[in-house]
Each structure stands twice: as structure tokens, then as C-alpha cells.
Amino acid sequence: MSKALQPPAADRHDNYKRLSKRVLDQCLNTLLAEPPTSAQATELQQLLHELHVHQIELEIQNRALSETQIELEEAYDRYADLYDFAPVGYLTLTAKGAILEINLRGATLLGRERTRLTNMPLAPLVAPAERRTLFQHLAQVFQATDKVVHELMLKPIGGISRAVRIESVAMLDRDGTAKYCHSALIDITEQKQATSALRAEHAQTQCYLDTVETIIVVLGVEGQITSINRKGCELFGFSEAELVGKNWFSFCLAPSEDAKSHFAIFEAVMAGRQEYIKYNECYVIDRSQKEHLIAWHNNCLHDSKGNITGALRAGEDITERKQSESLLEGQRMALELMAQGASLDKVLDSLALTAETLTQNIRCSVMLLDEEQSCLHLGAAPNLPNHCLDSTHRGAFKIDDVACGEAAQTGERVIIADIQNHSPCKACYKTANKAGLHACWAEPISSSSGQVLGLFISHHHKKWAPTPTEFELTKGLARIAGIAIERRQSKTLAEQHQTDLIHMARINIMGEMATGLAHELNQPLAAITTYTGAAIRMQRAGIQQPDKLTEALQGAHDQAMRASEIIRHTRQLVQKRAPQKTKRDLNKLIKQVIEFIKFEANAKGIKFKLKLSQNLPLVTIDSIQIEQVLLNLLRNAIDATTLTKRKPQTITIQTGLNSKKWAQISVADTGCGMSEKTLSHIFKPFSTTKGSAGLGMGLSICRSIMEQHGGHLWAESEPDQGSCFFLTLPT
């Protein structure tokens with residue numbers, strides 16, 4: 001063994017174990033080249049042993065390598081199968097787009113044999129219009145570390161174009177540079193066709209929905225809008241893209257407790273805990289924050305398994321219809337109040353309240369213009385704050401001091417969308433701001449002849465310009481207000497005219513009763529003369545009889561009081577004054593009237609017969625006017641009775657109750673009576689049975705007085721049997 005190959009003697013045996021097979025082979029060859037010594041023989045055996053061990057190890061390693069190679073070959077075969085027969089096209093591309101490797105599916109998609117595609121550029125196999133997209137794709141791939149995705153159209157094969165999605169990832173070398181990329185081609189032709197068909201179907205469905213003049217909204221299970229038609233978009237003022245995905249309940253419904261309850265019901269329906277309410281109404285808000293009342297018809301949407309997938313709502317904007325209905329109802333109520341004789345204040349309050357229900361967030365007032373056309377007075381303001389009324393509307397205010405007051409001067413509608421920045425309203429700004437009112441508009445209230453009677457003013461809580469619909473609604477209410485005001489004015493004139501007629505009728509009666517009145521006054525005056533004459537004679541004769549003197553003076557005093565009462569009552573009857581209603585006893589009133597007319601009856605030989613009920617309740621009347629009615633009926637009865645020779649000649653006056661609600665008086669005579677024809681028109685103006693002696697207004701005025709008292713007057717008669725007049729008054 002050469003010295004160069006010999007290890008140190010002390011540990012030569014151990015060192016053999018550390019030597020490689022190549023070195024051991026060299027040691028073995030050296031030993032075999034020289035004749036062995038005994039020491040060398042032992043070393044040789046050791047060396048042979050190590051070589052044998054190495055041989056066994058090598059055989060084991062060879063066997064393991066052989067098995068690994070078989071597994072690798074099998075794995076490669078499996079990979080090749082997966083690679084070649086995968087449903088996705090796989091290929092390796094250079095940065096310029098040359099194909100380094102491609103599987104069978106990729107070759108099929110590209111329409112070429114696999115062997116012909118190697119080193120071929122991909123661009124010519126792509127539709128010309130898509131090649132720029134391919135180059136953009138490759139540029140992005142080799143500049144990024146993440147996957148890059150694009151869609152391409154391949155060059156048609158046999159007239160058929162295929163759409164693919166290309167997904168690529170750059171492969172980096174050890175130095176971090178990318179020389180090629182792995183790409184996948186996924187056929188999305190059918191998916192594109194299905195999507196296109198779905199879009200076409202959706203477009204067609206949307207076209208159908210858009211032609212319907214009904215709001216249609218489709219909601220997902222969480223309340224998000226998944227579809228909405230043209231009518232719905234027009235209502236909200238948004239495009240479909242702006243609305244789809246928005247939560248219906250938080251984005252579209254007007255904020256209120258009702259909106260929360262609607263969402264709670266929807267959640268219960270989607271969870272299957274509750275049936276959907278088929279019909280409901282709710283307020284929605286559009287882009288300008290205006291509220292609309294919508295009537296909805298609701299249905300659930302289900303999948304093929306019956307699971308709830310959402311909801312369909314077929315809606316209709318009923319805001320204007322509801323407003324019109326409310327307007328008509330408000331007008332009807334106001335007209336009913338007028339027909340029932342309600343005060344102007346109540347009618348105007350009713351109209352103002354109607355206006356407040358027609359438009360959200362407004363408060364209304366009605367101002368009345370005075371006869372001089374210079375000042376406005378409050379007619380109605382049911383819901384304006386008290387401090388607002390105290391500072392701006394109480395008493396008479398000049399037109400210039402009232403917001404929108406110029407409408408009373410011009411007769412034209414005035415709109416103040418922002419009170420704060422409207423210079424004529426500076427005086428009203430603080431009050432309006434405190435009341436939370438920021439806009440107002442005034443609609444002139446006109447008479448049938450076009451004269452301005454007042455203003456219908458609407459106050460809004462926001463800076464606001466009313467819509468044409470709101471103008472029309474206010475205009476309709478202002479028209480009814482004009483009718484009410486004009487009717488009140490006409491009624492006042494009619495009442496004044498009626499009062500004048502009644503007064504003239506009383507004077508006429510007094511004229512006709514002048515003889516009787518003179519006699520009534522002559523009696524107490526003659527008695528006064530007699531009593532005072534006796535007292536004077538006693539005084540001159542020196543007769544000292546104080547009791548008789550006092551008796552004479554007392555008699556004179558009583559007769560003077562009687563004459564004074566007759567004069568006072570006569571003055572009351574002829575005096576022109578406004579009606580004054582008080583509670584009176586009808587029996588006492590009848591006796592008082594008889595005292596007034598008994599001289600005339602006695603002079604003609606006519607007696608009065610009284611049948612007065614003792615349980616007659618008090619009635620609320622104007623006693624002078626009811627006396628006038630009774631005087632007229634009694635004088636007519638006296639005239640009718642004197643035309644016949646039937647005995648006895650009496651007039652019967654009776655009182656009683658006609659049900660519990662009416663007190664009744666009847667005046668029956670034994671005169672000549674009337675035919676049906678005469679009876680049918682005796683209450684008409686200028687109708688008389690007295691010829692030239694009568695004006696024909698007495699009974700017409702009497703009936704008018706009774707109607708003003710809420711009572712009735714009618715007559716029953718037969719020829720030659722006398723007549724009976726009935727009058728009733730509410731108790």
C-alpha cells in the first residue's frame with residue numbers, strides 16, 4: 001500500500017469505515033498489487049468486509065431508486081393524463097406569446113393539432129378584435145406576481161366562435177426573472193350564451209314591466225331591491241342602477257314607526273313565520289324627499305323547491321287620488337256645515353283642517369279682508385301655535401304687515417319658498433322661525449264676482465315650493481271658503497232685510513190697532529182723571545179723610561203705571577232692534593198679547609177661549625217676534641170671524657206638547673174658513689184674502705220668524721168651518 005494512501009497506523013482500522021467506496025477501491029488495488037504480509041492479510045479482510053457492506057448498501061439504494069423511478073414514471077403518466085385530458089386548456093407561453101407546451105384540451109379549443117402548436121404564437125388563433133386584449137394580458141402577467149384574468153374570443157373554427165377566459169401566472173427563475181408563464185383556457189361559450197340569453201330574457205321581462213303603468217319592485221330576502229320597473233324609477237327619481245341593491249325599507253320608505261312595522265312583517269314573512277299581507281298602503285319618499293302614498297299588492301317568490309326567495313310588490317301611487325277624495329270629503333263637510341247653519345268660524349276651521357290632511361307638514365290659516373280692503377282679520381287657524389297667532393294674527397293688521405299679504409291686493413297667488421330670505425317678511429321672520437315655519441303661500445279667496453274676500457294661507461315647516469297638485473287642492477278649498485264667506489255676507493244682508501220687513505209688519509199692525517191702543521190708553525187716563533179730580537175736590541172741601549185721599553192717589557198711580565206699560569210695550573213692538581232670545585213662558589206671553597188686543601175683539605163681540613197647558617216647559621225665543629206672530633194670527637182670526645154670523649163668535653187659543661221636543665200653540669176661529677186652493681198659497685209673499693185691505697206679507701213674515709226659531713207654522717181649514725193655525729217651537 002502506497003504511503004499516500006495509507007492512513008495512520010494507530011487508527012487505520014477505524015479510518016476504513018470513513019473512506020468512500022472509490023478510496024476503498026484504490027486501497028484494495030494497492031494491496032492486491034503487492035504480495036500480502038500477515039498484517040496486510042488482516043487489513044485486506046477488513047477492507048473486503050467494508051466493500052461487501054458498501055455493495056449491499058448500493059444494492060439497497062439501487063432497488064429504492066428503481067422503485068422511485070417506477071413511481072415517478074407512474075406519476076408522470078398520471079400527470080400527463082390529467083394534463084392532456086383535463087377539461088381546461090393548459091399551455092405554457094413565452095413573454096411574446098409563443099406556445100411552448102399545450103394539452104389536448106387546449107389544442108382542441110384552438111382548433112389545431114398539438115404537434116403543430118409548439119413554438120407557434122397564440123395571437124393568430126385569437127379573433128382579430130381580441131388580439132390587443134391578449135397582448136395587454138401578457139404584459140400584465142409578466143409585470144405581476146398574481147394571477148391575471150381576461151376574456152377572449154378565439155378565431156372561429158368551422159364558423160363557430162368560442163369565448164374563453166384566460167388565467168395566467170408568471171413562473172420565476174432562481175434569479176427572480178420570468179421567462180414564461182402557465183396559462184389556463186376555460187371555455188365560457190355556453191356560460192356567455194346563457195348569460196346573454198338571461199340578459200335578453202331579463203331585458204324582455206324588464207321591457208314588459210316597463211310598459212306597465214304600475215310600480216313593480218322585486219325584493220330579496222333581506223329587503224334589498226333586486227329589480228324595479230320604469231314606473232318605479234320615475235316615482236323615486238332614481239335610475240334602476242341607483243336603486244338596485246338598496247334596502248327598500250331604509251332607503252325608500254318614509255321614516256316612521258309604520259316603516260319599522262312593515263320591515264318586521266317582511267322579516268317574519270321571509271322566515272316563513274307569517275303570511276304576506278296581500279294589500280297594504282305606506283308612504284315612500286322620492287329623491288326630493290317628497291312623500292307619496294302607495295297602495296301595494298304583495299306576493300312571495302319561491303324557487304323550484306318551494307323556498308321563499310324574495311317578494312314581488314305591484315304598487316300604485318294613490319297620493320293624488322287620496323288627496324282628491326279628502327278634498328271632496330272636506331268640501332262636502334264644509335257644505336254640510338253651511339247647510340246646517342254653522343258659524344263661519346266652524347266652516348273655515350273645517351277647510352283649514354282638510355288642507356292640513358292633504359299636504360304633509362303644513363299649517364293653515366284663513367284671513368278675511370275688511371270692507372275697506374286695507375286690513376286682514378283672522379278667520380281660522382286651528383293648529384297654528386298660540387304665540388304665532390298672538391304676534392301676527394290677532395286683531396286687524398294692515399296687508400303689508402302680513403306674510404303673503406300682497407295676494408289680497410293683487411288677487412294673485414303669492415309663494416314665499418324661504419321666509420328668511422324674503423325681504424317683505426322680515427317682520428314675520430322671528431315669529432315664523434320660532435313656530436318652525438319656513439315657507440308659505442297664499443291663495444286669494446274670491447267672491448262669485450271676482451272680488452277678493454280674504455286669503456287661504458298655507459305655512460310649511462321646510463323651505464318649500466308647492467306642486468301644481470297642491471295648488472289645485474288649495475284653490476279648491478279657497479273656492480269653498482269664498483262661498484262660505486259670501487254666503488255669510490248674503491245671510492247678513494238677508495237677515496237685515498228680514499228684520500226690516502218684520503219691523504215694517506209690526507208698524508203696520510200697530511197702525512191697524514191704533515184705535516184699540518187709543519182706547520186702551522183712554523181707560524187709564526180717564527181713571528187717572530177721575531181719581532185725581534176726587535182728590536182735588538176732597539182737598540178743596542176741607543174733608544179730612546186721609547184714607548180716602550190715599551186710596552184716590554193710589555188709584556191714580558196704578559192707572560198711570562198701566563198706561564206707562566201699554567206705551568212701553570207698544571214702543572217695544574215698533575222699535576227696530578236685533579233679535580234677543582231668552583227663555584219665556586208661552587202661557588204668560590199669550591195672556592200678555594190678549595190684553596193688548598182684547599179691546600178690538602170686545603168691540604166686535606168676539607170672545608177669547610183659553611186652554612193653556614199647566615206643564616208647558618220654557619222655550620228660548622225672541623218674545624217681541626213671537627208676540628208679533630200671535631198678534632198677526634189673532635187679528636186674522638178676528639177678521640175671519642166677523643165675516644160670518646155664526647154664534648158664538650169665539651177664538652180658541654190652546655197650548656200643549658207635541659211630543660217631548662216641541663211646544664205647540666193653536667189659534668182656532670169660527671170664521672168662514674178657506675178652500676184648498678187658498679190654503680195652498682196663504683204663506684207666500686203678497687198673498688192675501690183681504691183684497692185691497694191687506695199687503696199679503698203678514699203670514700209670510702210669520703213663517704219666516706218661526707223658521708228662524710227652529711219651529712214651524714201651518715194651517716188647517718175647511719170652507720164655512722173656520723180655520724186653525726198651528727205653530728211649534730223647540731223646547
# chains A, B, ... in the order shown; residues from 1 in each chain; ligands from 1
>>> residues_around(residues="Arg162 of chain A", least_positions_apart="2", cutoff="8 Å", atoms="only C-alpha atoms", output="JSON, numbers by chain")
{"A": [109, 153, 154, 155, 156, 160, 164, 187, 188, 189]}
>>> select_by_dssp(residues="segment 194-255 of chain A", states="strand (DSSP E or B)", output="list in words")
Ile215, Ile216, Val217, Val218, Leu219, Gln224, Ile225, Thr226, Ser227, Ile228, Asn247 and Leu253 of chain A
>>> closest_residue(among="A:Asn632, A:Glu240, A:Val88, A:Ala200", to="Ile186 of chain A", atoms="only C-alpha atoms")
A:Val88
>>> residues_around(residues="Leu138 of chain A", least_positions_apart="6", cutoff="12 Å", atoms="only C-alpha atoms", output="list of chain:residue names")
A:Thr92, A:Leu93, A:Thr94, A:Ala95, A:Lys96, A:Gly97, A:Ala98, A:Leu122, A:Ala123, A:Arg131, A:Arg132, A:Ala144, A:Lys147, A:Val148, A:Val149, A:His150, A:Ile166, A:Glu167, A:Ser168, A:Val169, A:Ala170, A:Ala178, A:Lys179, A:Tyr180, A:Cys181, A:His182, A:Ser183
>>> write_last_selection(atoms="C-alpha atoms", output="mmCIF file, in the first residue's frame")
data_model
loop_
_atom_site.group_PDB
_atom_site.id
_atom_site.type_symbol
_atom_site.label_atom_id
_atom_site.label_comp_id
_atom_site.auth_asym_id
_atom_site.auth_seq_id
_atom_site.Cartn_x
_atom_site.Cartn_y
_atom_site.Cartn_z
ATOM 1 C CA THR A 92 -47.079 27.468 -21.382
ATOM 2 C CA LEU A 93 -46.365 30.788 -23.081
ATOM 3 C CA THR A 94 -43.359 32.976 -23.575
ATOM 4 C CA ALA A 95 -43.483 36.697 -22.900
ATOM 5 C CA LYS A 96 -44.162 37.262 -26.622
ATOM 6 C CA GLY A 97 -46.999 34.764 -26.619
ATOM 7 C CA ALA A 98 -45.334 31.759 -28.235
ATOM 8 C CA LEU A 122 -51.070 32.329 -29.830
ATOM 9 C CA ALA A 123 -52.160 35.694 -31.330
ATOM 10 C CA ARG A 131 -55.542 40.398 -30.064
ATOM 11 C CA ARG A 132 -54.875 43.706 -28.358
ATOM 12 C CA ALA A 144 -47.244 40.953 -11.779
ATOM 13 C CA LYS A 147 -52.924 35.663 -11.397
ATOM 14 C CA VAL A 148 -54.171 37.809 -14.277
ATOM 15 C CA VAL A 149 -57.573 37.134 -15.871
ATOM 16 C CA HIS A 150 -59.109 38.312 -19.158
ATOM 17 C CA ILE A 166 -57.522 33.075 -19.901
ATOM 18 C CA GLU A 167 -55.924 32.905 -16.444
ATOM 19 C CA SER A 168 -52.147 33.251 -16.322
ATOM 20 C CA VAL A 169 -49.387 33.206 -13.687
ATOM 21 C CA ALA A 170 -45.736 34.096 -14.416
ATOM 22 C CA ALA A 178 -39.941 35.437 -15.533
ATOM 23 C CA LYS A 179 -39.277 33.910 -18.941
ATOM 24 C CA TYR A 180 -42.540 32.047 -19.379
ATOM 25 C CA CYS A 181 -45.995 31.689 -17.788
ATOM 26 C CA HIS A 182 -48.507 28.965 -17.185
ATOM 27 C CA SER A 183 -51.960 29.753 -18.587
#
>>> residues_around(residues="Val452 of chain A", least_positions_apart="4", cutoff="12 Å", atoms="only C-alpha atoms", output="PDB file with C-alpha atoms, in the first residue's frame")
ATOM      1  CA  MET A 367    -107.551  85.662   6.755  1.00  0.00           C
ATOM      2  CA  LEU A 368    -110.609  87.821   5.991  1.00  0.00           C
ATOM      3  CA  LEU A 369    -110.326  91.147   4.159  1.00  0.00           C
ATOM      4  CA  ASP A 370    -112.310  94.067   5.595  1.00  0.00           C
ATOM      5  CA  GLU A 371    -114.736  96.236   3.600  1.00  0.00           C
ATOM      6  CA  GLU A 372    -112.104  98.979   3.137  1.00  0.00           C
ATOM      7  CA  GLN A 373    -109.745  96.406   1.507  1.00  0.00           C
ATOM      8  CA  SER A 374    -106.896  97.545   3.761  1.00  0.00           C
ATOM      9  CA  LEU A 376    -106.939  91.463   7.331  1.00  0.00           C
ATOM     10  CA  GLY A 405    -100.497  89.914   2.218  1.00  0.00           C
ATOM     11  CA  GLU A 406     -99.843  91.291  -1.265  1.00  0.00           C
ATOM     12  CA  ALA A 407    -102.049  88.487  -2.610  1.00  0.00           C
ATOM     13  CA  ALA A 408    -105.029  90.381  -1.156  1.00  0.00           C
ATOM     14  CA  GLN A 409    -104.061  93.456  -3.171  1.00  0.00           C
ATOM     15  CA  THR A 410    -103.259  91.763  -6.474  1.00  0.00           C
ATOM     16  CA  GLY A 411    -105.739  88.877  -6.353  1.00  0.00           C
ATOM     17  CA  GLU A 412    -102.867  86.618  -7.491  1.00  0.00           C
ATOM     18  CA  ARG A 413    -101.276  83.641  -5.724  1.00  0.00           C
ATOM     19  CA  GLU A 443    -104.368  81.564  -2.395  1.00  0.00           C
ATOM     20  CA  PRO A 444    -106.780  84.516  -2.790  1.00  0.00           C
ATOM     21  CA  ILE A 445    -110.356  83.816  -1.696  1.00  0.00           C
ATOM     22  CA  SER A 446    -112.681  85.450  -4.222  1.00  0.00           C
ATOM     23  CA  SER A 447    -116.409  86.070  -4.495  1.00  0.00           C
ATOM     24  CA  SER A 448    -118.516  84.980  -7.458  1.00  0.00           C
ATOM     25  CA  PHE A 456    -106.148  80.934   2.313  1.00  0.00           C
ATOM     26  CA  ALA A 478    -110.323  78.534  -1.202  1.00  0.00           C
ATOM     27  CA  ARG A 479    -113.302  78.331  -3.573  1.00  0.00           C
ATOM     28  CA  ALA A 481    -114.193  79.352   1.642  1.00  0.00           C
ATOM     29  CA  GLY A 482    -115.299  82.053  -0.790  1.00  0.00           C
ATOM     30  CA  ILE A 483    -118.767  80.502  -0.968  1.00  0.00           C
ATOM     31  CA  ILE A 485    -117.813  83.989   3.273  1.00  0.00           C
ATOM     32  CA  GLU A 486    -120.101  85.250   0.522  1.00  0.00           C
TER      33      GLU A 486
END
>>> closest_residue(among="A:His712, A:Arg105, A:Lys607, A:Lys322", to="Leu473 of chain A", atoms="only C-alpha atoms")
A:Lys322
>>> residues_around(residues="Gly656 of chain A", least_positions_apart="3", cutoff="12 Å", atoms="only C-alpha atoms", output="PyMOL selection string")
chain A and resi 586-587+610-618+653+659-666+726-729+731
